[in-house]
Amino acid sequence: MPDCQQACSSAERVRTIRMNRSVRDAVRILSEPDVDAIVVVDGERDDSGGFIGILTEREVFRAMADQGPDVLDHLVWTLTTRDFVSVDVTSTPADRLQAFCAHKTNHIAIMDGLCLHAVQSIWDCVAGAPGRANAA
């Protein structure tokens with residue numbers, strides 16, 4: 001996905017953060033209920049600007065394991081995944097699961113043209129897959 005896509009999401013669950021904020025600020029957001037990924041933007045406000053990439057708990061954990069707790073004071077863009085998987089908003093749950101598996105990722109961007117619609121975890125996708133209600 002090219003840099004600087006529009007972060008014009010209408011989805012309430014999509015959380016954003018400016019690229020010049022600290023990893024510590026991102027961790028505060030990631031600690032909120034039902035937030036396991038943040039969209040990093042280059043705008044003047046957290047809710048606007050170009051789409052830089054996605055930051056997840058995984059990137060923070062790996063950086064802390066490699067560099068120690070000092071990584072919390074780094075700028076958030078240094079940990080951001082810029083080359084992430086995206087699918088069209090009209091894709092089926094089966095197509096989304098295929099994208100997760102093909103790219104071995106835990107999060108994908110759901111795009112409506114150049115606008116971000118949502119960030120979906122593999123767990124959300126599996127939970128919403130057809131026939132899942134009867135499983136368990």
# chains A, B, ... in the order shown; residues from 1 in each chain; ligands from 1
$ select_by_dssp --residues "chain A" --states "strand (DSSP E)" --output "tab-separated table (two decimals) with N, CA and C atoms, in the first residue's frame"
chain	number	residue	atom	x	y	z
A	5	GLN	N	-2.08	7.30	2.35
A	5	GLN	CA	-3.47	7.13	1.98
A	5	GLN	C	-4.29	8.00	2.92
A	6	GLN	N	-5.52	8.25	2.59
A	6	GLN	CA	-6.36	9.10	3.41
A	6	GLN	C	-6.85	8.35	4.65
A	15	ARG	N	-8.60	3.84	15.73
A	15	ARG	CA	-7.91	4.85	16.52
A	15	ARG	C	-6.69	5.33	15.75
A	16	THR	N	-6.39	6.60	15.83
A	16	THR	CA	-5.25	7.17	15.13
A	16	THR	C	-4.33	7.90	16.10
A	17	ILE	N	-3.10	8.10	15.64
A	17	ILE	CA	-2.11	8.85	16.40
A	17	ILE	C	-1.17	9.52	15.41
A	18	ARG	N	-0.75	10.73	15.72
A	18	ARG	CA	0.21	11.44	14.86
A	18	ARG	C	1.57	10.77	14.95
A	37	ALA	N	-4.73	-2.11	17.57
A	37	ALA	CA	-3.97	-1.52	16.46
A	37	ALA	C	-4.32	-0.04	16.36
A	38	ILE	N	-3.33	0.75	15.95
A	38	ILE	CA	-3.51	2.19	15.79
A	38	ILE	C	-3.04	2.57	14.39
A	39	VAL	N	-3.78	3.45	13.74
A	39	VAL	CA	-3.37	3.99	12.46
A	39	VAL	C	-2.51	5.22	12.73
A	40	VAL	N	-1.32	5.24	12.16
A	40	VAL	CA	-0.39	6.36	12.34
A	40	VAL	C	-0.56	7.31	11.17
A	41	VAL	N	-0.77	8.60	11.49
A	41	VAL	CA	-1.02	9.62	10.47
A	41	VAL	C	0.00	10.74	10.58
A	50	GLY	N	-2.42	12.22	6.32
A	50	GLY	CA	-2.04	11.09	5.50
A	50	GLY	C	-1.77	9.86	6.33
A	51	PHE	N	-2.04	8.75	5.76
A	51	PHE	CA	-1.95	7.44	6.36
A	51	PHE	C	-0.51	6.95	6.25
A	52	ILE	N	0.22	6.86	7.34
A	52	ILE	CA	1.61	6.42	7.34
A	52	ILE	C	1.71	4.90	7.47
A	53	GLY	N	0.92	4.33	8.36
A	53	GLY	CA	0.98	2.89	8.57
A	53	GLY	C	0.16	2.47	9.78
A	54	ILE	N	0.42	1.24	10.23
A	54	ILE	CA	-0.31	0.68	11.36
A	54	ILE	C	0.69	0.28	12.45
A	55	LEU	N	0.33	0.55	13.69
A	55	LEU	CA	1.13	0.13	14.84
A	55	LEU	C	0.27	-0.80	15.68
A	56	THR	N	0.83	-1.95	16.02
A	56	THR	CA	0.11	-2.92	16.85
A	56	THR	C	0.92	-3.22	18.10
A	86	SER	N	-3.96	-4.79	2.88
A	86	SER	CA	-5.28	-4.15	2.82
A	86	SER	C	-6.17	-4.94	1.87
A	87	VAL	N	-7.46	-4.86	2.13
A	87	VAL	CA	-8.48	-5.47	1.27
A	87	VAL	C	-9.60	-4.45	1.07
A	88	ASP	N	-10.37	-4.66	0.03
A	88	ASP	CA	-11.49	-3.78	-0.26
A	88	ASP	C	-12.62	-4.03	0.73
A	107	HIS	N	-3.40	-8.25	11.42
A	107	HIS	CA	-4.26	-7.10	11.17
A	107	HIS	C	-4.23	-6.74	9.70
A	108	ILE	N	-5.40	-6.36	9.19
A	108	ILE	CA	-5.48	-5.86	7.81
A	108	ILE	C	-6.29	-4.57	7.81
A	109	ALA	N	-5.98	-3.72	6.84
A	109	ALA	CA	-6.74	-2.49	6.65
A	109	ALA	C	-7.88	-2.78	5.69
A	110	ILE	N	-9.07	-2.37	6.05
A	110	ILE	CA	-10.24	-2.50	5.19
A	110	ILE	C	-10.43	-1.13	4.53
A	111	MET	N	-10.25	-1.09	3.22
A	111	MET	CA	-10.24	0.17	2.49
A	111	MET	C	-11.50	0.33	1.64
A	112	ASP	N	-11.98	1.54	1.56
A	112	ASP	CA	-13.06	1.93	0.66
A	112	ASP	C	-12.45	2.94	-0.30
A	115	CYS	N	-9.91	5.54	1.15
A	115	CYS	CA	-10.27	5.85	2.53
A	115	CYS	C	-10.26	4.60	3.40
A	116	LEU	N	-9.69	4.74	4.57
A	116	LEU	CA	-9.66	3.66	5.54
A	116	LEU	C	-11.04	3.49	6.14
A	117	HIS	N	-11.57	2.29	6.05
A	117	HIS	CA	-12.88	1.99	6.63
A	117	HIS	C	-12.72	1.39	8.02
A	118	ALA	N	-11.74	0.49	8.19
A	118	ALA	CA	-11.53	-0.19	9.46
A	118	ALA	C	-10.16	-0.86	9.47
A	119	VAL	N	-9.73	-1.23	10.66
A	119	VAL	CA	-8.59	-2.13	10.82
A	119	VAL	C	-9.17	-3.36	11.51
A	120	GLN	N	-8.99	-4.50	10.88
A	120	GLN	CA	-9.60	-5.72	11.40
A	120	GLN	C	-8.52	-6.69	11.84
A	121	SER	N	-8.74	-7.30	13.01
A	121	SER	CA	-7.84	-8.35	13.47
A	121	SER	C	-8.33	-9.68	12.93
$ closest_residue --among "A:Asp66, A:Asp73, A:Pro33, A:Ile122" --to "A:Asp95" --atoms "only C-alpha atoms"
A:Ile122
$ select_by_dssp --residues "chain A" --states "helix (DSSP H, G or I)" --output "PyMOL selection string"
chain A and resi 23-30+57-67+69-73+76-78+93-103+122-127+132-134
$ write_last_selection --atoms "N, CA and C atoms" --output "compact mmCIF listing (two decimals), in the first residue's frame"
# COMPACT_ATOMS: atom_id res chain seq x y z
N VAL A 23 6.00 6.51 21.58
CA VAL A 23 5.50 5.13 21.70
C VAL A 23 4.72 5.01 23.02
N ARG A 24 5.16 5.70 24.03
CA ARG A 24 4.45 5.69 25.32
C ARG A 24 3.00 6.16 25.13
N ASP A 25 2.80 7.22 24.32
CA ASP A 25 1.44 7.69 24.03
C ASP A 25 0.64 6.61 23.30
N ALA A 26 1.29 5.92 22.39
CA ALA A 26 0.62 4.85 21.64
C ALA A 26 0.23 3.71 22.57
N VAL A 27 1.08 3.38 23.52
CA VAL A 27 0.79 2.29 24.47
C VAL A 27 -0.45 2.64 25.29
N ARG A 28 -0.59 3.91 25.65
CA ARG A 28 -1.80 4.32 26.40
C ARG A 28 -3.06 4.04 25.58
N ILE A 29 -2.99 4.33 24.30
CA ILE A 29 -4.15 4.08 23.43
C ILE A 29 -4.37 2.58 23.26
N LEU A 30 -3.27 1.84 23.03
CA LEU A 30 -3.39 0.39 22.84
C LEU A 30 -3.91 -0.32 24.09
N GLU A 57 0.27 -3.93 19.01
CA GLU A 57 0.94 -4.37 20.23
C GLU A 57 2.20 -5.18 19.91
N ARG A 58 2.12 -5.97 18.86
CA ARG A 58 3.24 -6.84 18.48
C ARG A 58 4.51 -6.02 18.21
N GLU A 59 4.39 -4.92 17.46
CA GLU A 59 5.57 -4.11 17.17
C GLU A 59 6.16 -3.51 18.45
N VAL A 60 5.30 -3.08 19.35
CA VAL A 60 5.77 -2.51 20.62
C VAL A 60 6.49 -3.58 21.44
N PHE A 61 5.90 -4.77 21.56
CA PHE A 61 6.52 -5.84 22.34
C PHE A 61 7.87 -6.24 21.76
N ARG A 62 7.94 -6.38 20.45
CA ARG A 62 9.21 -6.77 19.82
C ARG A 62 10.28 -5.70 20.02
N ALA A 63 9.91 -4.44 19.87
CA ALA A 63 10.88 -3.36 20.06
C ALA A 63 11.37 -3.32 21.51
N MET A 64 10.47 -3.52 22.46
CA MET A 64 10.88 -3.53 23.86
C MET A 64 11.79 -4.71 24.17
N ALA A 65 11.51 -5.86 23.56
CA ALA A 65 12.37 -7.03 23.76
C ALA A 65 13.77 -6.79 23.18
N ASP A 66 13.83 -6.10 22.03
CA ASP A 66 15.12 -5.85 21.37
C ASP A 66 15.88 -4.67 21.99
N GLN A 67 15.15 -3.60 22.35
CA GLN A 67 15.81 -2.35 22.73
C GLN A 67 15.58 -1.93 24.18
N PRO A 69 13.10 -0.81 27.64
CA PRO A 69 12.02 0.14 27.89
C PRO A 69 12.27 1.55 27.36
N ASP A 70 13.50 1.88 26.99
CA ASP A 70 13.78 3.20 26.42
C ASP A 70 13.02 3.43 25.12
N VAL A 71 12.58 2.36 24.46
CA VAL A 71 11.84 2.49 23.21
C VAL A 71 10.53 3.26 23.42
N LEU A 72 10.03 3.29 24.65
CA LEU A 72 8.79 4.01 24.93
C LEU A 72 8.92 5.51 24.67
N ASP A 73 10.16 6.02 24.70
CA ASP A 73 10.38 7.45 24.45
C ASP A 73 10.68 7.76 22.99
N VAL A 76 6.61 7.38 17.53
CA VAL A 76 5.78 6.25 17.14
C VAL A 76 6.04 5.79 15.69
N TRP A 77 6.39 6.70 14.80
CA TRP A 77 6.60 6.32 13.40
C TRP A 77 7.77 5.35 13.25
N THR A 78 8.70 5.32 14.20
CA THR A 78 9.86 4.43 14.08
C THR A 78 9.48 2.96 14.21
N PRO A 93 -15.74 -12.30 4.15
CA PRO A 93 -14.94 -12.81 5.27
C PRO A 93 -13.95 -13.89 4.82
N ALA A 94 -14.36 -14.73 3.88
CA ALA A 94 -13.45 -15.78 3.39
C ALA A 94 -12.24 -15.16 2.68
N ASP A 95 -12.47 -14.11 1.88
CA ASP A 95 -11.37 -13.42 1.21
C ASP A 95 -10.45 -12.75 2.22
N ARG A 96 -11.03 -12.19 3.26
CA ARG A 96 -10.22 -11.55 4.30
C ARG A 96 -9.37 -12.58 5.04
N LEU A 97 -9.97 -13.72 5.37
CA LEU A 97 -9.19 -14.78 6.03
C LEU A 97 -8.05 -15.26 5.13
N GLN A 98 -8.32 -15.35 3.85
CA GLN A 98 -7.27 -15.74 2.91
C GLN A 98 -6.14 -14.72 2.92
N ALA A 99 -6.46 -13.42 3.00
CA ALA A 99 -5.43 -12.38 3.04
C ALA A 99 -4.61 -12.50 4.33
N PHE A 100 -5.28 -12.75 5.46
CA PHE A 100 -4.56 -12.94 6.72
C PHE A 100 -3.55 -14.08 6.59
N CYS A 101 -4.02 -15.20 6.09
CA CYS A 101 -3.17 -16.40 5.98
C CYS A 101 -2.06 -16.23 4.95
N ALA A 102 -2.38 -15.66 3.80
CA ALA A 102 -1.39 -15.50 2.74
C ALA A 102 -0.24 -14.59 3.18
N HIS A 103 -0.54 -13.60 3.98
CA HIS A 103 0.47 -12.63 4.39
C HIS A 103 0.99 -12.85 5.81
N ILE A 122 -7.44 -10.63 12.88
CA ILE A 122 -7.83 -11.97 12.42
C ILE A 122 -8.90 -12.55 13.34
N TRP A 123 -8.83 -12.21 14.62
CA TRP A 123 -9.81 -12.75 15.57
C TRP A 123 -11.19 -12.18 15.31
N ASP A 124 -11.28 -10.90 14.97
CA ASP A 124 -12.57 -10.31 14.61
C ASP A 124 -13.14 -10.96 13.36
N CYS A 125 -12.26 -11.25 12.41
CA CYS A 125 -12.68 -11.85 11.16
C CYS A 125 -13.20 -13.26 11.39
N VAL A 126 -12.48 -14.04 12.18
CA VAL A 126 -12.90 -15.41 12.48
C VAL A 126 -14.23 -15.42 13.22
N ALA A 127 -14.38 -14.51 14.16
CA ALA A 127 -15.61 -14.44 14.95
C ALA A 127 -16.82 -14.11 14.07
N ARG A 132 -19.77 -19.62 12.11
CA ARG A 132 -19.03 -19.54 13.36
C ARG A 132 -19.97 -19.62 14.56
N ALA A 133 -21.16 -19.10 14.44
CA ALA A 133 -22.11 -19.11 15.56
C ALA A 133 -22.45 -20.54 15.97
N ASN A 134 -22.41 -21.48 15.03
CA ASN A 134 -22.72 -22.87 15.35
C ASN A 134 -21.52 -23.63 15.86
$ atom_distance --atom1 "atom CA of A:Val35" --atom2 "atom CA of A:Thr105"
16.5 Å
